[in-house]
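A.B. asks: This is final.cif, which holds mmCIF, C-alpha atoms:
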data_upload
#
loop_
_atom_site.label_atom_id
_atom_site.label_comp_id
_atom_site.auth_asym_id
_atom_site.auth_seq_id
_atom_site.Cartn_x
_atom_site.Cartn_y
_atom_site.Cartn_z
CA MET I 322 65.68 77.09 -109.09
CA ARG I 323 68.14 76.65 -106.23
CA ILE I 324 71.67 76.08 -107.51
CA LEU I 325 74.91 75.20 -105.74
CA LEU I 326 78.19 76.48 -107.19
CA ALA I 327 81.23 74.84 -105.60
CA SER I 328 84.75 75.79 -106.65
CA HIS I 329 88.09 74.93 -105.10
CA GLY I 330 91.41 76.49 -106.03
CA THR I 331 92.92 79.93 -106.42
CA ARG I 332 91.36 83.27 -107.41
CA GLY I 333 91.26 82.14 -111.04
CA ASP I 334 88.98 79.24 -110.08
CA VAL I 335 86.63 81.32 -107.94
CA GLN I 336 86.23 84.69 -109.66
CA PRO I 337 84.55 83.30 -112.82
CA ILE I 338 82.11 81.38 -110.64
CA VAL I 339 81.10 84.62 -108.95
CA ALA I 340 80.41 86.07 -112.41
CA LEU I 341 78.22 83.05 -113.16
CA ALA I 342 76.45 83.37 -109.80
CA LEU I 343 75.52 86.96 -110.62
CA GLY I 344 74.16 85.87 -113.99
CA LEU I 345 72.06 83.13 -112.39
CA LYS I 346 70.78 85.52 -109.74
CA ALA I 347 69.74 87.99 -112.44
CA ARG I 348 67.59 85.22 -113.96
CA GLY I 349 65.80 84.76 -110.65
CA HIS I 350 67.64 81.71 -109.37
CA VAL I 351 68.73 81.24 -105.76
CA VAL I 352 72.47 80.64 -105.66
CA GLN I 353 74.51 79.06 -102.87
CA LEU I 354 78.32 78.95 -103.07
CA VAL I 355 81.02 76.84 -101.44
CA VAL I 356 84.54 78.24 -101.85
CA PRO I 357 87.90 78.06 -100.07
CA ASP I 358 87.92 79.71 -96.67
CA ASN I 359 90.09 82.62 -97.80
CA PHE I 360 87.50 83.71 -100.39
CA VAL I 361 84.34 83.46 -98.28
CA MET I 362 84.15 87.09 -97.13
CA TRP I 363 84.97 88.40 -100.60
CA VAL I 364 82.18 86.34 -102.21
CA ARG I 365 79.71 87.27 -99.49
CA GLY I 366 80.39 90.88 -100.42
CA TYR I 367 78.45 90.22 -103.62
CA GLY I 368 75.41 89.27 -101.56
CA PHE I 369 75.55 85.48 -101.82
CA ASP I 370 74.99 82.83 -99.18
CA THR I 371 78.52 81.43 -99.10
CA GLU I 372 80.06 78.65 -97.06
CA SER I 373 83.69 77.68 -96.55
CA ASP I 374 84.95 74.36 -97.83
CA GLY I 375 87.21 74.34 -94.77
CA ILE I 376 90.49 74.87 -96.62
CA ASN I 377 92.47 78.12 -96.71
CA VAL I 378 94.24 77.77 -100.04
CA GLU I 379 96.13 81.04 -99.72
CA ALA I 380 97.56 80.09 -96.33
CA LEU I 381 98.59 76.67 -97.62
CA LEU I 382 100.39 78.09 -100.64
CA ARG I 383 102.07 80.84 -98.66
CA SER I 384 103.30 78.43 -95.98
CA SER I 385 106.94 77.46 -95.86
CA GLY I 386 107.82 74.30 -97.69
CA THR I 387 105.18 74.78 -100.40
CA GLY I 388 106.32 73.01 -103.56
CA LEU I 389 103.63 74.30 -105.89
CA GLN I 390 105.58 73.34 -109.01
CA SER I 391 106.23 69.81 -107.80
CA LEU I 392 103.88 67.09 -109.06
CA SER I 393 104.43 65.12 -105.86
CA TRP I 394 103.38 68.16 -103.78
CA GLN I 395 100.30 68.65 -105.96
CA MET I 396 99.29 65.01 -105.46
CA ARG I 397 99.82 65.26 -101.70
CA TYR I 398 97.65 68.38 -101.67
CA LEU I 399 94.84 66.57 -103.47
CA SER I 400 95.14 63.41 -101.39
CA HIS I 401 94.91 65.33 -98.16
CA ASN I 402 92.20 67.81 -99.12
CA ILE I 403 89.76 65.98 -101.41
CA PRO I 404 88.13 64.00 -98.55
CA LEU I 405 87.69 67.27 -96.62
CA LEU I 406 85.56 68.76 -99.40
CA PHE I 407 82.69 66.26 -99.14
CA GLU I 408 81.05 67.34 -95.89
CA PRO I 409 80.75 71.10 -96.59
CA VAL I 410 79.50 70.53 -100.14
CA ALA I 411 77.00 67.90 -98.99
CA ARG I 412 75.72 70.21 -96.27
CA ALA I 413 75.35 73.19 -98.61
CA SER I 414 73.59 71.10 -101.26
CA GLU I 415 70.39 70.59 -99.29
CA GLY I 416 67.42 71.64 -101.39
CA CYS I 417 69.50 72.33 -104.50
CA GLU I 418 68.18 71.24 -107.89
CA LEU I 419 71.46 71.62 -109.77
CA ILE I 420 75.12 71.40 -108.69
CA ILE I 421 78.05 72.95 -110.55
CA GLY I 422 81.70 72.29 -109.73
CA ALA I 423 84.85 74.08 -110.83
CA GLY I 424 88.59 73.95 -110.30
CA LEU I 425 89.79 71.15 -108.04
CA GLN I 426 86.33 70.47 -106.64
CA PHE I 427 86.30 66.65 -106.78
CA ALA I 428 83.53 66.17 -104.21
CA ALA I 429 80.69 67.96 -106.02
CA PRO I 430 80.00 65.25 -108.66
CA SER I 431 79.47 62.64 -105.97
CA VAL I 432 77.28 64.98 -103.93
CA ALA I 433 75.13 65.57 -107.03
CA GLN I 434 74.75 61.83 -107.46
CA TRP I 435 73.84 61.52 -103.77
CA ARG I 436 71.21 64.24 -104.16
CA ASN I 437 70.08 62.79 -107.52
CA VAL I 438 70.34 66.14 -109.28
CA PRO I 439 72.14 67.15 -112.52
CA TYR I 440 75.81 68.04 -112.37
CA ALA I 441 78.21 69.89 -114.67
CA HIS I 442 81.85 70.82 -114.25
CA ILE I 443 83.31 74.10 -115.45
CA VAL I 444 86.88 74.31 -116.70
CA PHE I 445 88.72 77.43 -117.80
CA CYS I 446 91.25 75.98 -120.23
CA PRO I 447 90.95 73.56 -123.17
CA CYS I 448 93.82 71.52 -121.73
CA ALA I 449 91.49 70.44 -118.91
CA THR I 450 89.39 68.31 -121.24
CA PRO I 451 90.76 65.30 -123.16
CA SER I 452 91.65 65.86 -126.83
CA SER I 453 94.47 65.48 -129.30
CA ALA I 454 94.88 69.26 -129.52
CA THR I 455 96.59 69.63 -126.13
CA PRO I 456 98.38 67.37 -123.67
CA PRO I 457 97.14 66.98 -120.09
CA PRO I 458 97.81 70.11 -118.00
CA ASN I 459 100.77 68.59 -116.14
CA VAL I 460 102.67 68.31 -119.47
CA HIS I 461 104.47 71.56 -120.22
CA ARG I 462 105.40 71.06 -123.86
CA GLN I 463 102.62 72.32 -126.12
CA THR I 464 104.02 71.40 -129.54
CA LEU I 465 103.74 67.61 -129.37
CA PRO I 466 102.14 65.70 -132.27
CA ARG I 467 98.42 65.22 -131.86
CA TRP I 468 98.72 61.45 -131.58
CA ILE I 469 101.11 61.84 -128.65
CA ASN I 470 98.71 64.23 -126.92
CA ARG I 471 95.92 61.69 -127.31
CA LEU I 472 98.17 58.92 -126.03
CA LEU I 473 99.11 61.01 -122.99
CA TRP I 474 95.43 61.48 -122.19
CA GLN I 475 94.72 57.78 -122.64
CA ALA I 476 97.52 56.92 -120.24
CA GLY I 477 96.99 59.84 -117.89
CA GLY I 478 93.33 59.17 -117.16
CA PRO I 479 93.89 55.72 -115.63
CA MET I 480 96.91 57.04 -113.76
CA ALA I 481 94.86 59.86 -112.23
CA ASP I 482 92.14 57.34 -111.35
CA MET I 483 94.68 55.12 -109.63
CA ALA I 484 96.21 58.03 -107.71
CA LEU I 485 92.93 59.58 -106.53
CA ARG I 486 90.52 56.64 -106.49
CA GLY I 487 91.11 55.91 -102.83
CA VAL I 488 90.63 59.46 -101.54
CA ILE I 489 87.55 60.12 -103.68
CA ASN I 490 85.97 56.82 -102.67
CA ARG I 491 86.73 57.59 -99.03
CA GLY I 492 84.61 60.71 -99.39
CA ARG I 493 81.92 58.82 -101.29
CA ALA I 494 81.73 56.32 -98.46
CA THR I 495 80.66 59.11 -96.10
CA LEU I 496 77.65 59.58 -98.38
CA ARG I 497 77.08 55.80 -98.58
CA LEU I 498 77.77 55.80 -102.30
CA VAL I 499 79.40 52.83 -104.01
CA ALA I 500 83.10 53.05 -104.85
CA LEU I 501 84.08 53.96 -108.39
CA ASP I 502 86.94 52.46 -110.35
CA SER I 503 87.39 55.51 -112.59
CA PRO I 504 86.18 58.62 -110.74
CA VAL I 505 88.50 61.11 -112.45
CA SER I 506 87.92 59.70 -115.94
CA GLN I 507 84.16 59.91 -115.46
CA ILE I 508 84.44 63.59 -114.51
CA LEU I 509 86.58 64.24 -117.61
CA GLN I 510 84.03 62.51 -119.84
CA GLY I 511 80.99 64.02 -118.10
CA ARG I 512 79.15 67.28 -118.63
CA THR I 513 81.82 69.93 -119.08
CA ILE I 514 81.55 73.64 -119.78
CA LEU I 515 84.71 75.19 -121.19
CA ALA I 516 84.54 78.85 -120.15
CA ALA I 517 87.25 80.34 -122.34
CA ASP I 518 87.40 82.92 -125.11
CA ARG I 519 86.92 81.40 -128.56
CA ASP I 520 90.09 83.01 -129.94
CA LEU I 521 92.32 82.50 -126.93
CA GLY I 522 91.24 78.99 -125.96
CA PRO I 523 88.93 77.29 -128.47
CA LEU I 524 87.23 73.99 -127.70
CA PRO I 525 89.14 71.22 -129.55
CA ASP I 526 87.24 69.50 -132.34
CA ASP I 527 87.73 66.08 -130.77
CA ALA I 528 86.87 67.02 -127.19
CA PRO I 529 84.30 64.71 -125.56
CA GLU I 530 80.78 65.07 -126.97
CA SER I 531 79.61 66.05 -123.50
CA ALA I 532 81.77 69.21 -123.58
CA VAL I 533 80.35 72.56 -124.67
CA SER I 534 81.99 75.95 -124.84
CA THR I 535 80.91 79.41 -123.77
CA GLU I 536 83.10 82.46 -123.70
CA ALA I 537 85.15 83.33 -120.62
CA LEU I 538 83.08 84.12 -117.53
CA VAL I 539 84.05 87.73 -116.90
CA LEU I 540 83.33 89.45 -113.60
CA ASP I 541 82.85 93.20 -113.84
CA GLU I 542 84.55 94.21 -110.60
CA PRO I 543 83.43 97.47 -109.03
CA GLY I 544 85.93 99.99 -107.74
CA THR I 545 88.29 102.78 -108.65
CA LEU I 546 92.02 103.24 -108.52
CA ASP I 547 93.28 105.22 -105.56
CA ALA I 548 94.83 108.60 -106.24
CA ARG I 549 98.40 107.38 -105.72
CA VAL I 550 98.04 104.65 -108.35
CA GLU I 551 96.13 106.90 -110.75
CA ALA I 552 98.83 109.56 -110.60
CA PHE I 553 101.58 107.01 -111.27
CA LEU I 554 99.75 105.60 -114.29
CA LYS I 555 99.20 109.02 -115.86
CA ILE I 556 102.92 109.62 -116.29
CA ASP I 557 104.32 108.84 -119.74
CA PRO I 558 105.60 106.52 -120.96
CA LYS I 559 103.24 103.85 -119.64
CA PRO I 560 104.71 101.51 -117.02
CA ILE I 561 105.15 97.73 -117.04
CA TYR I 562 102.84 95.65 -114.84
CA ILE I 563 104.55 92.82 -112.92
CA GLY I 564 102.39 90.39 -110.97
CA PHE I 565 101.95 86.66 -110.51
CA GLY I 566 98.56 86.44 -108.85
CA SER I 567 98.12 83.41 -106.62
CA MET I 568 101.41 81.83 -107.63
CA VAL I 569 104.11 81.31 -105.01
CA ALA I 570 107.54 80.40 -106.35
CA PRO I 571 110.76 79.96 -104.36
CA CYS I 572 112.48 82.38 -106.74
CA ALA I 573 109.91 85.17 -106.22
CA PRO I 574 112.25 87.53 -104.28
CA GLU I 575 114.87 87.39 -107.02
CA LEU I 576 112.28 87.38 -109.79
CA VAL I 577 110.71 90.72 -108.93
CA VAL I 578 114.15 92.37 -108.65
CA GLN I 579 115.11 90.98 -112.06
CA ALA I 580 111.84 92.11 -113.65
CA VAL I 581 112.20 95.66 -112.31
CA ALA I 582 115.80 95.80 -113.51
CA ALA I 583 114.67 94.68 -116.98
CA ALA I 584 111.94 97.34 -117.08
CA ARG I 585 114.42 100.01 -116.03
CA ALA I 586 116.86 98.89 -118.71
CA ILE I 587 114.33 99.76 -121.41
CA GLY I 588 113.43 103.04 -119.75
CA ARG I 589 110.13 101.99 -118.22
CA ARG I 590 108.67 102.29 -114.75
CA ALA I 591 107.08 99.30 -113.02
CA VAL I 592 103.86 98.58 -111.13
CA ILE I 593 104.31 95.61 -108.80
CA ALA I 594 101.21 93.65 -107.71
CA GLY I 595 102.11 91.87 -104.47
CA GLY I 596 99.89 88.80 -104.83
CA TRP I 597 100.27 85.66 -102.77
CA ALA I 598 104.03 85.72 -103.31
CA SER I 599 104.18 89.13 -101.57
CA LEU I 600 106.32 90.60 -104.33
CA ASP I 601 105.90 94.04 -102.79
CA ARG I 602 107.95 92.93 -99.78
CA HIS I 603 110.97 92.18 -101.93
CA ILE I 604 111.33 95.48 -103.78
CA ARG I 605 111.59 99.05 -102.57
CA GLU I 606 109.30 101.71 -103.92
CA ALA I 607 110.98 104.50 -105.86
CA ASP I 608 110.05 107.22 -108.30
CA ASP I 609 109.88 104.55 -110.98
CA VAL I 610 108.47 101.67 -108.90
CA LEU I 611 105.00 101.50 -107.37
CA THR I 612 103.74 98.57 -105.31
CA VAL I 613 100.08 97.64 -104.89
CA ASP I 614 98.40 94.83 -103.00
CA ALA I 615 95.49 93.93 -105.27
CA VAL I 616 93.98 95.92 -108.12
CA PRO I 617 91.30 94.68 -110.56
CA HIS I 618 92.92 93.96 -113.90
CA SER I 619 90.11 95.73 -115.72
CA LEU I 620 91.10 99.00 -114.04
CA ILE I 621 94.85 98.88 -114.41
CA PHE I 622 95.58 96.93 -117.63
CA PRO I 623 94.26 99.57 -120.05
CA LYS I 624 96.82 102.01 -118.60
CA ILE I 625 100.02 99.96 -118.88
CA ALA I 626 102.48 99.22 -121.68
CA ALA I 627 102.80 95.46 -121.09
CA ALA I 628 101.88 92.84 -118.50
CA VAL I 629 104.46 90.45 -117.10
CA HIS I 630 102.50 87.67 -115.41
CA HIS I 631 102.17 83.96 -114.68
CA GLY I 632 99.76 83.04 -117.44
CA GLY I 633 96.61 82.23 -115.53
CA ALA I 634 93.44 81.95 -117.62
CA GLY I 635 91.87 85.04 -116.06
CA THR I 636 94.95 87.25 -116.29
CA THR I 637 95.68 86.22 -119.88
CA THR I 638 92.10 86.98 -120.88
CA ALA I 639 92.09 90.30 -119.02
CA ALA I 640 95.27 91.46 -120.75
CA ALA I 641 93.92 90.40 -124.15
CA ARG I 642 90.66 92.26 -123.47
CA ALA I 643 92.65 95.40 -122.62
CA GLY I 644 94.82 95.18 -125.74
CA VAL I 645 98.02 94.84 -123.73
CA PRO I 646 101.12 92.90 -124.90
CA GLN I 647 101.96 90.02 -122.56
CA VAL I 648 105.15 88.44 -121.26
CA LEU I 649 104.29 85.13 -119.64
CA LEU I 650 106.35 83.35 -117.01
CA PRO I 651 104.37 80.12 -116.54
CA HIS I 652 104.69 78.34 -113.19
CA ILE I 653 102.39 75.31 -113.40
CA LEU I 654 99.72 73.37 -115.30
CA ASP I 655 97.50 75.27 -117.75
CA GLN I 656 99.76 78.32 -117.67
CA TYR I 657 101.96 76.60 -120.27
CA TYR I 658 98.95 76.29 -122.55
CA TRP I 659 98.16 80.00 -122.26
CA ALA I 660 101.83 80.88 -122.76
CA HIS I 661 101.81 78.93 -126.02
CA ARG I 662 98.57 80.54 -127.17
CA VAL I 663 99.90 84.06 -126.50
CA GLU I 664 102.92 83.29 -128.68
CA VAL I 665 100.91 81.60 -131.46
CA LEU I 666 98.40 84.45 -131.62
CA GLY I 667 101.17 87.06 -131.63
CA LEU I 668 100.03 88.72 -128.40
CA GLY I 669 103.50 88.55 -126.88
CA PRO I 670 106.95 87.00 -127.28
CA ARG I 671 107.83 83.41 -126.50
CA ALA I 672 107.17 82.61 -122.86
CA LEU I 673 109.88 82.15 -120.26
CA PRO I 674 109.34 79.41 -117.67
CA VAL I 675 109.64 81.08 -114.29
CA GLU I 676 112.62 79.00 -113.19
CA LEU I 677 114.61 80.20 -116.25
CA ALA I 678 114.01 83.91 -115.69
CA THR I 679 117.05 86.20 -115.68
CA THR I 680 117.37 89.95 -116.05
CA ASP I 681 118.73 89.60 -119.59
CA ALA I 682 116.00 87.18 -120.68
CA LEU I 683 113.31 89.40 -119.22
CA PHE I 684 114.88 92.47 -120.86
CA ASP I 685 114.70 90.78 -124.28
CA ARG I 686 111.06 89.76 -123.88
CA ILE I 687 109.74 92.97 -122.29
CA SER I 688 111.58 95.05 -124.87
CA ARG I 689 110.02 93.08 -127.71
CA ALA I 690 106.55 93.20 -126.11
CA VAL I 691 106.72 96.99 -125.91
CA LYS I 692 108.49 97.77 -129.18
CA ASP I 693 107.45 95.10 -131.70
CA PRO I 694 104.88 96.66 -134.08
CA GLU I 695 103.51 93.24 -135.08
CA ILE I 696 102.65 92.42 -131.46
CA ARG I 697 101.06 95.83 -131.02
CA GLU I 698 99.00 95.38 -134.19
CA ARG I 699 97.80 91.90 -133.11
CA VAL I 700 96.75 92.89 -129.58
CA GLU I 701 94.94 95.97 -130.84
CA ARG I 702 93.16 93.98 -133.54
CA LEU I 703 91.95 91.19 -131.25
CA ALA I 704 91.10 93.26 -128.18
CA PRO I 705 87.73 94.70 -129.29
CA ALA I 706 86.28 91.27 -130.14
CA ILE I 707 87.55 89.63 -126.95
CA ALA I 708 86.41 92.56 -124.80
CA ALA I 709 82.92 92.34 -126.28
CA ARG I 710 82.46 88.71 -125.21
CA ASN I 711 81.25 87.32 -121.91
CA GLY I 712 80.13 83.72 -121.54
CA VAL I 713 77.83 84.24 -118.56
CA THR I 714 74.59 84.40 -120.57
CA ALA I 715 75.42 81.28 -122.61
CA ALA I 716 76.45 79.40 -119.46
CA VAL I 717 73.21 80.31 -117.70
CA ASP I 718 71.21 79.20 -120.76
CA TYR I 719 73.00 75.86 -120.80
CA LEU I 720 72.54 75.26 -117.07
CA GLU I 721 68.86 76.09 -117.25
CA ALA I 722 68.52 73.59 -120.09
CA LEU I 723 69.94 70.81 -117.92
CA THR I 724 66.80 70.76 -115.79
CA ARG I 725 64.32 70.73 -118.65
CA PRO I 726 62.32 67.53 -119.24
CA GLY I 727 64.08 65.05 -121.50
CA GLN I 728 67.62 65.62 -120.26
CA THR I 729 69.69 62.57 -119.30
CA GLU I 730 69.31 61.76 -115.62
CA ASN I 731 72.38 62.24 -113.46
CA ASN I 732 72.21 58.81 -111.84
CA GLU I 733 72.01 56.62 -114.94
CA LEU I 734 74.43 53.73 -115.31
CA SER I 735 77.36 54.21 -117.67
CA ARG I 736 79.81 51.53 -118.76
CA GLY I 737 78.79 49.30 -115.88
CA GLU I 738 79.45 51.91 -113.21
CA GLU I 739 77.29 54.58 -111.63
CA SER I 740 77.73 57.72 -113.69
CA ILE I 741 78.62 60.89 -111.84
CA GLY I 742 78.34 63.26 -114.77
CA SER I 743 76.65 61.79 -117.80
CA ALA I 744 76.06 63.97 -120.80
CA PRO I 745 72.73 65.69 -121.39
CA THR I 746 70.83 65.53 -124.63
CA PRO I 747 72.49 68.15 -126.89
CA VAL I 748 70.72 71.51 -126.80
CA PRO I 749 72.03 73.46 -129.80
CA ALA I 750 70.59 76.93 -130.20
CA GLN I 751 70.29 76.54 -133.95
CA LYS I 752 71.08 74.01 -136.62
CA PRO I 753 74.00 75.00 -138.87
CA ALA I 754 72.87 75.75 -142.39
CA THR I 755 76.07 74.65 -144.06
CA LYS I 756 78.88 72.21 -143.51
CA ALA I 757 81.20 75.13 -142.81
CA LEU I 758 79.19 75.93 -139.72
CA ALA I 759 79.16 72.39 -138.36
CA GLY I 760 81.90 73.11 -135.85
CA ASP I 761 79.72 75.77 -134.20
CA LEU I 762 77.45 73.05 -132.82
CA ARG I 763 80.02 72.50 -130.12
CA ARG I 764 79.75 76.11 -128.97
CA PHE I 765 76.58 76.63 -126.98
CA ALA I 766 74.87 79.91 -127.76
CA PRO I 767 71.64 81.46 -126.50
#
Go ahead and express the file in the form of structure tokens.
C.D. replies:
Amino acid sequence: MRILLASHGTRGDVQPIVALALGLKARGHVVQLVVPDNFVMWVRGYGFDTESDGINVEALLRSSGTGLQSLSWQMRYLSHNIPLLFEPVARASEGCELIIGAGLQFAAPSVAQWRNVPYAHIVFCPCATPSSATPPPNVHRQTLPRWINRLLWQAGGPMADMALRGVINRGRATLRLVALDSPVSQILQGRTILAADRDLGPLPDDAPESAVSTEALVLDEPGTLDARVEAFLKIDPKPIYIGFGSMVAPCAPELVVQAVAAARAIGRRAVIAGGWASLDRHIREADDVLTVDAVPHSLIFPKIAAAVHHGGAGTTTAAARAGVPQVLLPHILDQYYWAHRVEVLGLGPRALPVELATTDALFDRISRAVKDPEIRERVERLAPAIAARNGVTAAVDYLEALTRPGQTENNELSRGEESIGSAPTPVPAQKPATKALAGDLRRFAP
């Protein structure tokens, strides 16, 4: 089977899709990818036919004037870039029998309808699918009553439709598809795969029936640490990792200085991962400070005392897999969900929104992450189970099932409109024997 995987966003939106692509390839499928321009060469390094979606996300976020934490900036980003995604995805989809979207890839569902092939969307956080368990990702507070969460989703869906209807329909017009009144809502209610660890980010009980859950899609990155990094990590006591991945915040220059000062105050060295915010440019190396550009989390996290990071799905999962206490400084969207989950599960102290970070506040949280025996016991207890899980096999099984005879066709009508992601006939691996197991039906297993 020829399959198109199209993801738009940051590293956290692309890396899991590469893991899935490798799993599909191992089953004998031909995989084509469409990713942001800044990831094309990296993905091609894994041997895949990969095309650019024409947008360099890293350059856009690094550029002056970026207001990543501003909702108005986020909406301007989507309004400008969504129409640009249609042509490259449509071109790459030729001959494909299945199309999978991820991240902010709003063109792929329409392209699948145009090609008359099944479509599914992959999300990496439970807060990306409607439920009463979590509010929409643009709502930071994670302790609202369930009825308020549900109300926020009920109001937020139509608002998102109203905001993005025009730009999505502009792209659909290039494919000669009819305009949709509720394009975003239909994606949210369509086939959805939640690729998140069952302990860290479980699928809510009242998520749409079309949503299934695998484990996180984990990419086993090849490579070794260079001698300089290895030597630094071997020195006791273990250092603190400080890195914010693809996040770019106006306060980044001050933030890295504050974080290093907090680490020093508790007698710890620091490893600074530059990331898209170029943290390494704002701090000088010293005997107790090492800067690196990019290092796979799987190589460095097992050798640190704690990870101070932004709270992305991939980084949170990687730290949990390594059994490392976490201090989260959420910047945007789903990072507030992961920050809450880390606190609830006892994997780290209460999160600190990035704009509230100070040396004293960071000192308190890093100190507790390193010294609190309850946090240490929790991370060490959960790590083996989380590290043993990888959702790639279950995701491949589910995607293969979508093309079997008897599945719901992608172009059927739904609620008077053309559906762009209708749900397939459920394909449970086994029927639960008792009522206690009924909830497992929502988790797809091979």
A.B. asks: Translate the PyMOL selection byres ((chain I and resi 376) around 9) into a concrete residue list for this structure, as number ranges by chain.
C.D. replies: I: 329, 356-359, 373-375, 377-381, 402, 405-406
A.B. asks: So which one's closest to I:Ile514, I:Arg686, I:His350, I:His603, I:His442? Using all atoms listed in the file, please.
C.D. replies: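 Smallest separation from I:Ile514 among the options: I:His442.
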A.B. asks: Got a sec: who's within 10 Å of I:Gly632, counting all atoms listed in the file, leaving out chain neighbours fewer than 4 positions off, as an NGL selection string?
C.D. replies: :I and (565-566 or 636-638 or 647-661 or 663 or 672)
A.B. asks: Quote the spacing between atom CA of I:Tyr562 and atom CA of I:Val592 in Å to one decimal place.
C.D. replies: 4.8 Å
A.B. asks: Set the distance at 10 Å and use all atoms listed in the file: which residues neighbour I:Glu606 once local chain neighbours fewer than 6 positions away are removed? I'd like the list as a PyMOL selection string.
C.D. replies: chain I and resi 591-593+612
A.B. asks: Dump C-alpha atoms for the selected residues as a PDB file, in the coordinates of the input?
C.D. replies:
ATOM      1  CA  ALA I 591     107.080  99.300-113.020  1.00  0.00           C
ATOM      2  CA  VAL I 592     103.860  98.580-111.130  1.00  0.00           C
ATOM      3  CA  ILE I 593     104.310  95.610-108.800  1.00  0.00           C
ATOM      4  CA  THR I 612     103.740  98.570-105.310  1.00  0.00           C
TER       5      THR I 612
END
A.B. asks: Taking N, CA and C atoms as the atom set, what does stretch 564-576 of chain I look like once completed, written as an mmCIF file, keeping the file's coordinate frame?
C.D. replies:
data_model
loop_
_atom_site.group_PDB
_atom_site.id
_atom_site.type_symbol
_atom_site.label_atom_id
_atom_site.label_comp_id
_atom_site.auth_asym_id
_atom_site.auth_seq_id
_atom_site.Cartn_x
_atom_site.Cartn_y
_atom_site.Cartn_z
ATOM 1 N N GLY I 564 103.182 91.043 -112.005
ATOM 2 C CA GLY I 564 102.390 90.390 -110.970
ATOM 3 C C GLY I 564 102.138 88.935 -111.313
ATOM 4 N N PHE I 565 102.105 88.089 -110.285
ATOM 5 C CA PHE I 565 101.950 86.660 -110.510
ATOM 6 C C PHE I 565 100.777 86.065 -109.743
ATOM 7 N N GLY I 566 99.811 86.912 -109.410
ATOM 8 C CA GLY I 566 98.560 86.440 -108.850
ATOM 9 C C GLY I 566 98.713 85.541 -107.647
ATOM 10 N N SER I 567 98.119 84.357 -107.736
ATOM 11 C CA SER I 567 98.120 83.410 -106.620
ATOM 12 C C SER I 567 99.357 82.523 -106.602
ATOM 13 N N MET I 568 100.253 82.704 -107.546
ATOM 14 C CA MET I 568 101.410 81.830 -107.630
ATOM 15 C C MET I 568 102.458 82.188 -106.565
ATOM 16 N N VAL I 569 103.055 81.146 -106.003
ATOM 17 C CA VAL I 569 104.110 81.310 -105.010
ATOM 18 C C VAL I 569 105.295 80.459 -105.455
ATOM 19 N N ALA I 570 106.353 81.111 -105.885
ATOM 20 C CA ALA I 570 107.540 80.400 -106.350
ATOM 21 C C ALA I 570 108.721 80.699 -105.439
ATOM 22 N N PRO I 571 109.595 79.726 -105.210
ATOM 23 C CA PRO I 571 110.760 79.960 -104.360
ATOM 24 C C PRO I 571 111.637 81.114 -104.848
ATOM 25 N N CYS I 572 111.619 81.344 -106.166
ATOM 26 C CA CYS I 572 112.480 82.380 -106.740
ATOM 27 C C CYS I 572 111.829 83.752 -106.754
ATOM 28 N N ALA I 573 110.649 83.909 -106.142
ATOM 29 C CA ALA I 573 109.910 85.170 -106.220
ATOM 30 C C ALA I 573 110.721 86.394 -105.790
ATOM 31 N N PRO I 574 111.479 86.337 -104.679
ATOM 32 C CA PRO I 574 112.250 87.530 -104.280
ATOM 33 C C PRO I 574 113.236 87.982 -105.350
ATOM 34 N N GLU I 575 113.927 87.035 -105.961
ATOM 35 C CA GLU I 575 114.870 87.390 -107.020
ATOM 36 C C GLU I 575 114.133 87.796 -108.293
ATOM 37 N N LEU I 576 113.016 87.145 -108.556
ATOM 38 C CA LEU I 576 112.280 87.380 -109.790
ATOM 39 C C LEU I 576 111.802 88.821 -109.905
#
